[in-house]
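Next comes final-v7.cif, a file with mmCIF, C-alpha atoms.
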```
data_query
loop_
_atom_site.label_atom_id
_atom_site.label_comp_id
_atom_site.auth_asym_id
_atom_site.auth_seq_id
_atom_site.Cartn_x
_atom_site.Cartn_y
_atom_site.Cartn_z
CA MET G 1 -21.36 72.99 20.01
CA SER G 2 -20.97 69.42 18.98
CA SER G 3 -23.54 67.48 17.12
CA PRO G 4 -25.59 64.80 18.88
CA GLY G 5 -23.97 61.40 18.93
CA ALA G 6 -20.45 62.84 18.66
CA THR G 7 -17.91 62.84 21.50
CA ARG G 8 -14.81 64.85 22.18
CA SER G 9 -11.83 62.66 21.35
CA GLY G 10 -9.11 65.26 21.86
CA ARG G 11 -9.28 65.50 25.68
CA THR G 12 -10.64 62.14 26.64
CA GLY G 13 -8.62 60.09 24.09
CA ARG G 14 -11.63 57.98 23.25
CA ALA G 15 -12.17 56.90 19.64
CA ARG G 16 -14.98 58.44 17.67
CA PRO G 17 -17.81 55.88 17.38
CA THR G 18 -18.69 54.63 13.93
CA TRP G 19 -22.21 55.05 12.67
CA CYS G 20 -24.14 51.92 11.53
CA SER G 21 -27.46 51.79 9.81
CA PRO G 22 -30.30 49.99 11.63
CA SER G 23 -30.15 47.12 9.11
CA GLU G 24 -26.40 46.63 9.73
CA GLN G 25 -26.96 46.75 13.47
CA ARG G 26 -29.50 43.95 13.08
CA ARG G 27 -27.16 41.88 10.85
CA THR G 28 -24.04 42.12 13.04
CA PRO G 29 -25.25 39.91 15.94
CA ILE G 30 -26.55 37.35 13.44
CA ALA G 31 -23.17 37.22 11.63
CA MET G 32 -21.29 36.95 14.92
CA ASN G 33 -23.59 34.15 16.02
CA ALA G 34 -23.03 32.28 12.76
CA TRP G 35 -19.26 32.75 13.02
CA ASN G 36 -19.21 31.50 16.60
CA ARG G 37 -21.16 28.41 15.57
CA LEU G 38 -18.92 27.83 12.54
CA GLN G 39 -15.62 27.98 14.45
CA PRO G 40 -15.96 24.58 16.20
CA TRP G 41 -16.76 22.97 12.84
CA LEU G 42 -13.66 24.54 11.29
CA ARG G 43 -11.54 23.23 14.14
CA ARG G 44 -13.07 19.81 13.68
CA GLY G 45 -12.41 20.03 9.94
CA ARG G 46 -8.72 20.62 10.54
CA THR G 47 -8.72 17.72 12.97
CA TRP G 48 -10.34 15.46 10.38
CA VAL G 49 -7.76 16.49 7.77
CA ILE G 50 -4.94 15.60 10.16
CA ALA G 51 -6.71 12.36 11.09
CA LEU G 52 -6.96 11.14 7.48
CA PRO G 53 -3.39 9.71 7.32
CA TYR G 54 -3.90 8.03 10.67
CA GLY G 55 -7.16 6.56 9.44
CA TRP G 56 -5.39 5.21 6.35
CA LEU G 57 -2.71 3.57 8.49
CA LEU G 58 -5.36 2.17 10.82
CA ALA G 59 -7.46 0.71 8.01
CA PHE G 60 -4.73 -0.72 5.81
CA PHE G 61 -1.91 -1.55 8.23
CA LEU G 62 -3.04 -1.96 11.83
CA LEU G 63 -6.34 -3.74 11.14
CA PRO G 64 -4.83 -6.33 8.74
CA PHE G 65 -2.07 -6.97 11.27
CA LEU G 66 -4.64 -7.51 14.04
CA ILE G 67 -6.58 -9.87 11.77
CA LEU G 68 -3.39 -11.85 11.09
CA LEU G 69 -2.64 -11.92 14.80
CA LYS G 70 -6.15 -13.17 15.54
CA ILE G 71 -5.93 -15.94 12.93
CA SER G 72 -2.47 -16.99 14.15
CA VAL G 73 -3.80 -17.79 17.63
CA SER G 74 -7.10 -19.31 16.44
CA GLU G 75 -8.00 -22.94 15.95
CA MET G 76 -9.07 -23.75 12.42
CA GLU G 77 -12.43 -25.43 11.87
CA THR G 78 -13.92 -26.94 8.73
CA VAL G 79 -15.43 -23.68 7.48
CA ASN G 80 -14.18 -20.90 9.73
CA PHE G 81 -12.11 -20.23 12.82
CA LYS G 82 -13.20 -20.78 16.38
CA ASP G 83 -14.04 -17.70 18.42
CA LEU G 84 -11.27 -16.47 20.68
CA ILE G 85 -13.69 -15.13 23.29
CA THR G 86 -16.72 -17.19 24.35
CA TYR G 87 -19.35 -16.60 27.03
CA LYS G 88 -20.96 -19.69 28.48
CA ASP G 89 -22.62 -20.43 31.83
CA GLY G 90 -21.70 -17.01 33.15
CA LEU G 91 -18.02 -17.48 32.31
CA LEU G 92 -16.02 -15.41 29.84
CA GLN G 93 -13.32 -17.57 28.28
CA LEU G 94 -10.35 -16.48 26.18
CA THR G 95 -8.85 -19.28 24.10
CA LEU G 96 -5.46 -18.65 22.47
CA LYS G 97 -3.77 -21.34 20.44
CA LEU G 98 -0.01 -20.75 20.69
CA SER G 99 1.01 -24.10 19.24
CA ASN G 100 1.91 -22.47 15.90
CA TYR G 101 4.49 -20.24 17.54
CA VAL G 102 5.82 -23.16 19.59
CA PHE G 103 6.12 -25.27 16.45
CA MET G 104 8.00 -22.46 14.68
CA SER G 105 10.49 -22.19 17.53
CA GLU G 106 11.11 -25.95 17.44
CA ASP G 107 11.28 -26.50 13.67
CA THR G 108 14.61 -25.40 12.19
CA LEU G 109 13.00 -24.82 8.78
CA TYR G 110 11.39 -21.58 9.91
CA LEU G 111 14.36 -20.35 11.93
CA ASP G 112 16.75 -21.05 9.05
CA ALA G 113 14.43 -19.26 6.62
CA TYR G 114 14.28 -16.18 8.86
CA VAL G 115 18.07 -16.11 9.35
CA ARG G 116 18.65 -16.67 5.64
CA SER G 117 16.24 -13.88 4.72
CA VAL G 118 17.94 -11.42 7.05
CA ARG G 119 21.39 -12.46 5.83
CA TYR G 120 20.55 -12.09 2.13
CA ALA G 121 18.72 -8.81 2.78
CA ALA G 122 21.73 -7.45 4.69
CA ALA G 123 24.12 -8.55 1.91
CA THR G 124 21.90 -6.90 -0.71
CA THR G 125 21.74 -3.69 1.33
CA ALA G 126 25.53 -3.60 1.70
CA LEU G 127 26.05 -4.18 -2.03
CA CYS G 128 23.48 -1.51 -2.94
CA LEU G 129 25.26 0.95 -0.65
CA TRP G 130 28.67 0.01 -2.06
CA VAL G 131 27.52 0.50 -5.66
CA GLY G 132 24.94 3.24 -5.10
CA TYR G 133 26.94 5.69 -2.98
CA PRO G 134 29.61 6.44 -5.64
CA PHE G 135 26.93 6.76 -8.31
CA ALA G 136 24.81 9.09 -6.14
CA TYR G 137 27.91 11.13 -5.28
CA PHE G 138 28.79 11.44 -8.97
CA MET G 139 25.21 12.51 -9.76
CA ALA G 140 25.21 15.15 -7.02
CA ARG G 141 28.55 16.61 -8.20
CA ALA G 142 27.77 16.46 -11.92
CA LYS G 143 26.85 19.52 -13.95
CA PRO G 144 23.22 20.64 -13.66
CA THR G 145 22.73 19.90 -17.35
CA VAL G 146 23.91 16.30 -16.90
CA GLN G 147 22.01 15.47 -13.70
CA PRO G 148 18.59 14.94 -15.37
CA ALA G 149 20.11 12.41 -17.79
CA LEU G 150 21.76 10.51 -14.93
CA LEU G 151 18.52 10.58 -12.96
CA MET G 152 16.74 9.20 -16.01
CA LEU G 153 19.21 6.29 -16.14
CA VAL G 154 18.33 5.43 -12.54
CA MET G 155 14.58 5.62 -13.17
CA LEU G 156 14.66 3.85 -16.54
CA PRO G 157 14.38 0.26 -15.17
CA PHE G 158 11.04 1.15 -13.55
CA TRP G 159 9.59 1.59 -17.04
CA THR G 160 10.05 -2.13 -17.64
CA SER G 161 8.02 -4.88 -16.02
CA PHE G 162 9.55 -6.28 -12.85
CA LEU G 163 9.08 -9.87 -14.05
CA LEU G 164 10.71 -9.12 -17.40
CA ARG G 165 13.77 -7.72 -15.67
CA VAL G 166 14.11 -10.80 -13.46
CA TYR G 167 13.65 -13.12 -16.45
CA ALA G 168 16.33 -11.14 -18.29
CA TRP G 169 18.76 -11.98 -15.50
CA LYS G 170 17.88 -15.65 -15.91
CA GLY G 171 19.09 -15.42 -19.49
CA LEU G 172 22.21 -13.46 -18.58
CA LEU G 173 23.25 -15.88 -15.84
CA SER G 174 22.46 -19.07 -17.75
CA GLU G 175 25.30 -21.17 -19.15
CA ASN G 176 25.02 -19.45 -22.54
CA GLY G 177 24.53 -15.95 -21.11
CA TRP G 178 27.25 -13.37 -21.65
CA VAL G 179 27.53 -12.57 -17.92
CA ALA G 180 28.19 -16.24 -17.19
CA GLU G 181 30.67 -16.42 -20.06
CA VAL G 182 32.59 -13.38 -18.76
CA LEU G 183 32.71 -14.69 -15.19
CA ILE G 184 33.69 -18.19 -16.26
CA GLY G 185 36.26 -16.91 -18.75
CA SER G 186 37.91 -14.71 -16.13
CA GLY G 187 37.97 -17.49 -13.55
CA PHE G 188 35.80 -15.47 -11.18
CA ASP G 189 33.39 -18.38 -10.89
CA GLN G 190 36.09 -20.43 -9.13
CA LEU G 191 36.44 -17.69 -6.51
CA LEU G 192 32.66 -17.68 -6.05
CA ALA G 193 32.68 -21.47 -5.68
CA ALA G 194 35.46 -21.25 -3.08
CA THR G 195 33.41 -18.78 -1.01
CA GLY G 196 30.28 -20.94 -1.28
CA LEU G 197 28.23 -18.39 -3.23
CA ILE G 198 27.78 -20.91 -6.06
CA ALA G 199 27.60 -24.69 -5.86
CA ALA G 200 30.30 -25.42 -8.45
CA PRO G 201 32.43 -23.53 -11.00
CA GLY G 202 30.38 -22.65 -14.05
CA LYS G 203 27.00 -22.92 -12.28
CA LEU G 204 25.68 -19.44 -11.52
CA MET G 205 21.91 -19.89 -11.63
CA HIS G 206 19.82 -20.90 -8.58
CA THR G 207 22.61 -19.97 -6.18
CA PRO G 208 23.03 -17.33 -3.44
CA PHE G 209 25.13 -15.35 -5.93
CA SER G 210 22.34 -15.09 -8.51
CA LEU G 211 19.79 -14.29 -5.79
CA VAL G 212 21.78 -11.45 -4.23
CA LEU G 213 22.76 -10.12 -7.66
CA GLY G 214 19.12 -10.03 -8.78
CA MET G 215 17.94 -8.29 -5.61
CA THR G 216 20.82 -5.79 -5.79
CA TYR G 217 19.91 -4.88 -9.36
CA THR G 218 16.21 -4.56 -8.50
CA TYR G 219 16.55 -2.43 -5.36
CA LEU G 220 19.60 -0.35 -6.30
CA PRO G 221 17.50 2.72 -7.33
CA PHE G 222 15.90 2.74 -3.87
CA MET G 223 19.39 3.30 -2.44
CA ILE G 224 20.59 5.80 -5.03
CA LEU G 225 17.65 8.22 -4.89
CA PRO G 226 17.73 9.01 -1.12
CA LEU G 227 21.52 9.33 -1.25
CA TYR G 228 21.34 11.66 -4.24
CA GLY G 229 18.72 13.84 -2.57
CA ASN G 230 20.86 14.09 0.56
CA LEU G 231 24.17 14.74 -1.21
CA ALA G 232 22.72 17.26 -3.67
CA LYS G 233 21.63 19.65 -0.91
CA MET G 234 24.90 19.43 1.05
CA ASP G 235 26.70 22.74 1.61
CA LEU G 236 29.94 22.52 -0.38
CA ARG G 237 31.46 25.36 1.64
CA LEU G 238 32.04 22.84 4.41
CA LEU G 239 34.41 20.92 2.13
CA GLU G 240 36.20 24.16 1.27
CA ALA G 241 36.56 24.92 4.97
CA ALA G 242 37.97 21.43 5.59
CA ALA G 243 40.47 21.95 2.76
CA ASP G 244 41.49 25.32 4.21
CA LEU G 245 42.17 23.57 7.53
CA GLY G 246 44.54 21.17 5.79
CA ALA G 247 42.31 18.14 5.26
CA SER G 248 42.97 16.05 2.18
CA PRO G 249 40.04 15.28 -0.16
CA TRP G 250 39.91 11.70 1.16
CA LEU G 251 39.88 12.87 4.79
CA ALA G 252 37.27 15.54 4.03
CA PHE G 253 35.10 12.88 2.41
CA TRP G 254 35.15 10.65 5.49
CA LYS G 255 34.94 13.43 8.06
CA VAL G 256 32.48 15.77 6.32
CA THR G 257 30.60 14.13 3.43
CA VAL G 258 29.85 10.74 4.97
CA PRO G 259 28.56 12.10 8.33
CA LEU G 260 26.34 14.62 6.54
CA SER G 261 24.90 11.88 4.31
CA LYS G 262 23.99 9.53 7.17
CA ALA G 263 20.30 10.34 6.82
CA GLY G 264 20.37 9.27 3.16
CA ILE G 265 22.33 6.12 4.02
CA VAL G 266 19.84 5.11 6.70
CA ALA G 267 16.79 5.90 4.55
CA GLY G 268 18.17 4.02 1.55
CA SER G 269 19.14 1.05 3.70
CA MET G 270 15.61 0.82 5.10
CA LEU G 271 14.06 1.04 1.63
CA VAL G 272 16.26 -1.85 0.47
CA PHE G 273 16.41 -4.07 3.55
CA ILE G 274 12.71 -4.19 4.44
CA PRO G 275 11.32 -5.42 1.07
CA CYS G 276 14.28 -7.79 0.63
CA VAL G 277 13.39 -9.66 3.83
CA GLY G 278 9.99 -10.68 2.48
CA GLU G 279 11.00 -11.00 -1.18
CA PHE G 280 9.28 -13.87 -3.00
CA VAL G 281 9.56 -13.47 -6.79
CA ILE G 282 13.35 -13.09 -7.10
CA PRO G 283 14.20 -16.09 -4.85
CA GLU G 284 11.61 -18.12 -6.75
CA LEU G 285 13.10 -17.35 -10.18
CA LEU G 286 16.81 -16.86 -9.45
CA GLY G 287 17.27 -18.81 -6.22
CA GLY G 288 17.39 -22.49 -5.48
CA PRO G 289 16.65 -24.99 -2.70
CA GLU G 290 19.53 -23.66 -0.59
CA THR G 291 18.20 -20.09 -0.85
CA LEU G 292 14.77 -20.73 0.71
CA MET G 293 13.56 -17.45 2.20
CA ILE G 294 10.65 -16.69 4.47
CA GLY G 295 8.53 -15.32 1.59
CA ARG G 296 8.48 -18.75 -0.05
CA VAL G 297 7.69 -20.45 3.27
CA LEU G 298 4.80 -18.05 3.78
CA TRP G 299 3.44 -18.76 0.29
CA ASP G 300 3.65 -22.53 0.83
CA GLU G 301 1.77 -22.33 4.13
CA PHE G 302 -1.03 -20.23 2.62
CA PHE G 303 -1.54 -21.80 -0.80
CA GLN G 304 -0.10 -25.32 -0.66
CA ASN G 305 -0.72 -26.44 2.92
CA ASN G 306 -3.83 -24.22 3.35
CA ASP G 307 -2.76 -23.78 6.96
CA TRP G 308 -3.88 -20.21 7.54
CA PRO G 309 -3.12 -20.06 11.28
CA MET G 310 0.44 -21.26 10.69
CA ALA G 311 0.89 -18.90 7.74
CA SER G 312 -0.45 -16.01 9.83
CA ALA G 313 2.00 -16.83 12.61
CA VAL G 314 4.86 -16.79 10.09
CA ALA G 315 3.64 -13.42 8.76
CA VAL G 316 3.29 -11.92 12.25
CA VAL G 317 6.85 -12.88 13.17
CA MET G 318 8.11 -11.47 9.87
CA ILE G 319 6.29 -8.18 10.47
CA LEU G 320 7.71 -7.93 13.98
CA LEU G 321 11.14 -8.66 12.53
CA ILE G 322 10.75 -5.76 10.10
CA ILE G 323 9.46 -3.40 12.80
CA VAL G 324 12.84 -3.54 14.58
CA PRO G 325 14.82 -1.65 11.89
CA LEU G 326 11.89 0.73 11.44
CA ALA G 327 11.95 1.57 15.15
CA LEU G 328 15.71 2.12 15.00
CA PHE G 329 15.25 4.37 11.96
CA ASN G 330 12.57 6.45 13.71
CA LYS G 331 14.81 6.76 16.77
CA TYR G 332 17.68 7.94 14.59
CA GLN G 333 15.44 10.48 12.86
CA ALA G 334 14.19 11.84 16.19
CA GLU G 335 17.73 12.15 17.53
CA SER G 336 18.87 13.89 14.33
CA GLN G 337 16.03 16.42 14.55
CA GLU G 338 16.80 17.00 18.23
CA ARG G 339 20.46 17.68 17.44
CA ALA G 340 19.47 20.01 14.60
CA ARG G 341 17.52 22.17 17.05
#
```

As structure tokens, how would this structure be written, given the file I've shared?
Amino acid sequence: MSSPGATRSGRTGRARPTWCSPSEQRRTPIAMNAWNRLQPWLRRGRTWVIALPYGWLLAFFLLPFLILLKISVSEMETVNFKDLITYKDGLLQLTLKLSNYVFMSEDTLYLDAYVRSVRYAAATTALCLWVGYPFAYFMARAKPTVQPALLMLVMLPFWTSFLLRVYAWKGLLSENGWVAEVLIGSGFDQLLAATGLIAAPGKLMHTPFSLVLGMTYTYLPFMILPLYGNLAKMDLRLLEAAADLGASPWLAFWKVTVPLSKAGIVAGSMLVFIPCVGEFVIPELLGGPETLMIGRVLWDEFFQNNDWPMASAVAVVMILLIIVPLALFNKYQAESQERAR
């Protein structure tokens, strides 16, 4: 005979019930209730954690942009700005002042500054890629014991003040600087004068040459580091396979290495191009009147003319100008991830 509370599990296949004390039987529904109530809060907690980066972007990027946009279409009063939306006599009125944007499209000063900024930023990006790619390739192929020292050389300029580095270039490019003496002694300054990068032979400061050189030196690490990270993780067996198929080292470089490093090239180009467009300090110290960029125009409108609506309009157009390469970069990243799948 079987004891009370037990069941036959051999024939029926049912599991033998577990015995719980009365106190545990009372606690189990309470614990289950608490767990059921806690689950929605845990889900919300995960949602809040994911929402934190979006909140940061909203507070420090989108909201300031909307404030700039609002000021750019507002009419400036003595103390404050006029309201864009007014309600009077049962009518809701929206007043947008677009004269700042119209004035920008008609005045060649702003258009020339935008074009000049994009041109100098593109030239700086190309030079950084031209100088940075071989250095990043050499770092990625160097011995593991040498790579930290090379990486330290790239990071070393960041230990010095940005202003001190720019002022150092002022001394190097001055008439008594050794860089100017080398270029003038080799006759390279005449070639620069013939191409229009400097005003006259022997004059290197406050020219497009000094401006692009200073920006290239400043932003070169931002090109090298993404390229190094991309090239260091590349599978070298692909190069061996290309060599087995008869490809020369030069052909393997262009057909294998360069395509696989496109992500690093695009990332480095964005990190260099975007800050160069709005650069203010380097053009102010190393540039001249013929190198007026949009950063200087923006500063003049804010702090010299005190024309905040006009300055905001200039800033809005500059931000929209920078969004274009960012959108292209995001599209490229999405396509690359889709192809990887």

- Message: Using Å and a single decimal, report how far atom CA of G:Leu151 sits from atom CA of G:Pro226.
- Response: 12.0 Å

- What do you get, as number ranges by chain, if you spell out every residue that the PyMOL selection byres ((chain G and resi 180-192) around 12) selects here? G: 169-179, 193-205, 207-210

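Across the structure, atom CA of G:Ser117 and atom CA of G:Ile294 are spaced 6.3 Å apart.
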
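For the atom pair formed by atom CA of G:Phe253 and atom CA of G:Tyr332, the distance is 21.8 Å, given to one decimal.
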
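Checking G:Leu239, G:Val272, G:Leu156, G:Val166 one by one against G:Glu284, counting all atoms listed in the file, you find the shortest gap at G:Val166.
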
- Message: Counting all atoms listed in the file, which residues have an atom no more than 10 Å from (7.9, -12.4, 8.5) in the file's coordinates? Please list them as a list in words.
- Response: Tyr110, Ala113, Tyr114, Ser117, Val277, Gly278, Met293, Ile294, Gly295, Val297, Leu298, Ala311, Ser312, Ala313, Val314, Ala315, Val316, Val317, Met318, Ile319, Leu320, Leu321 and Ile322 of chain G
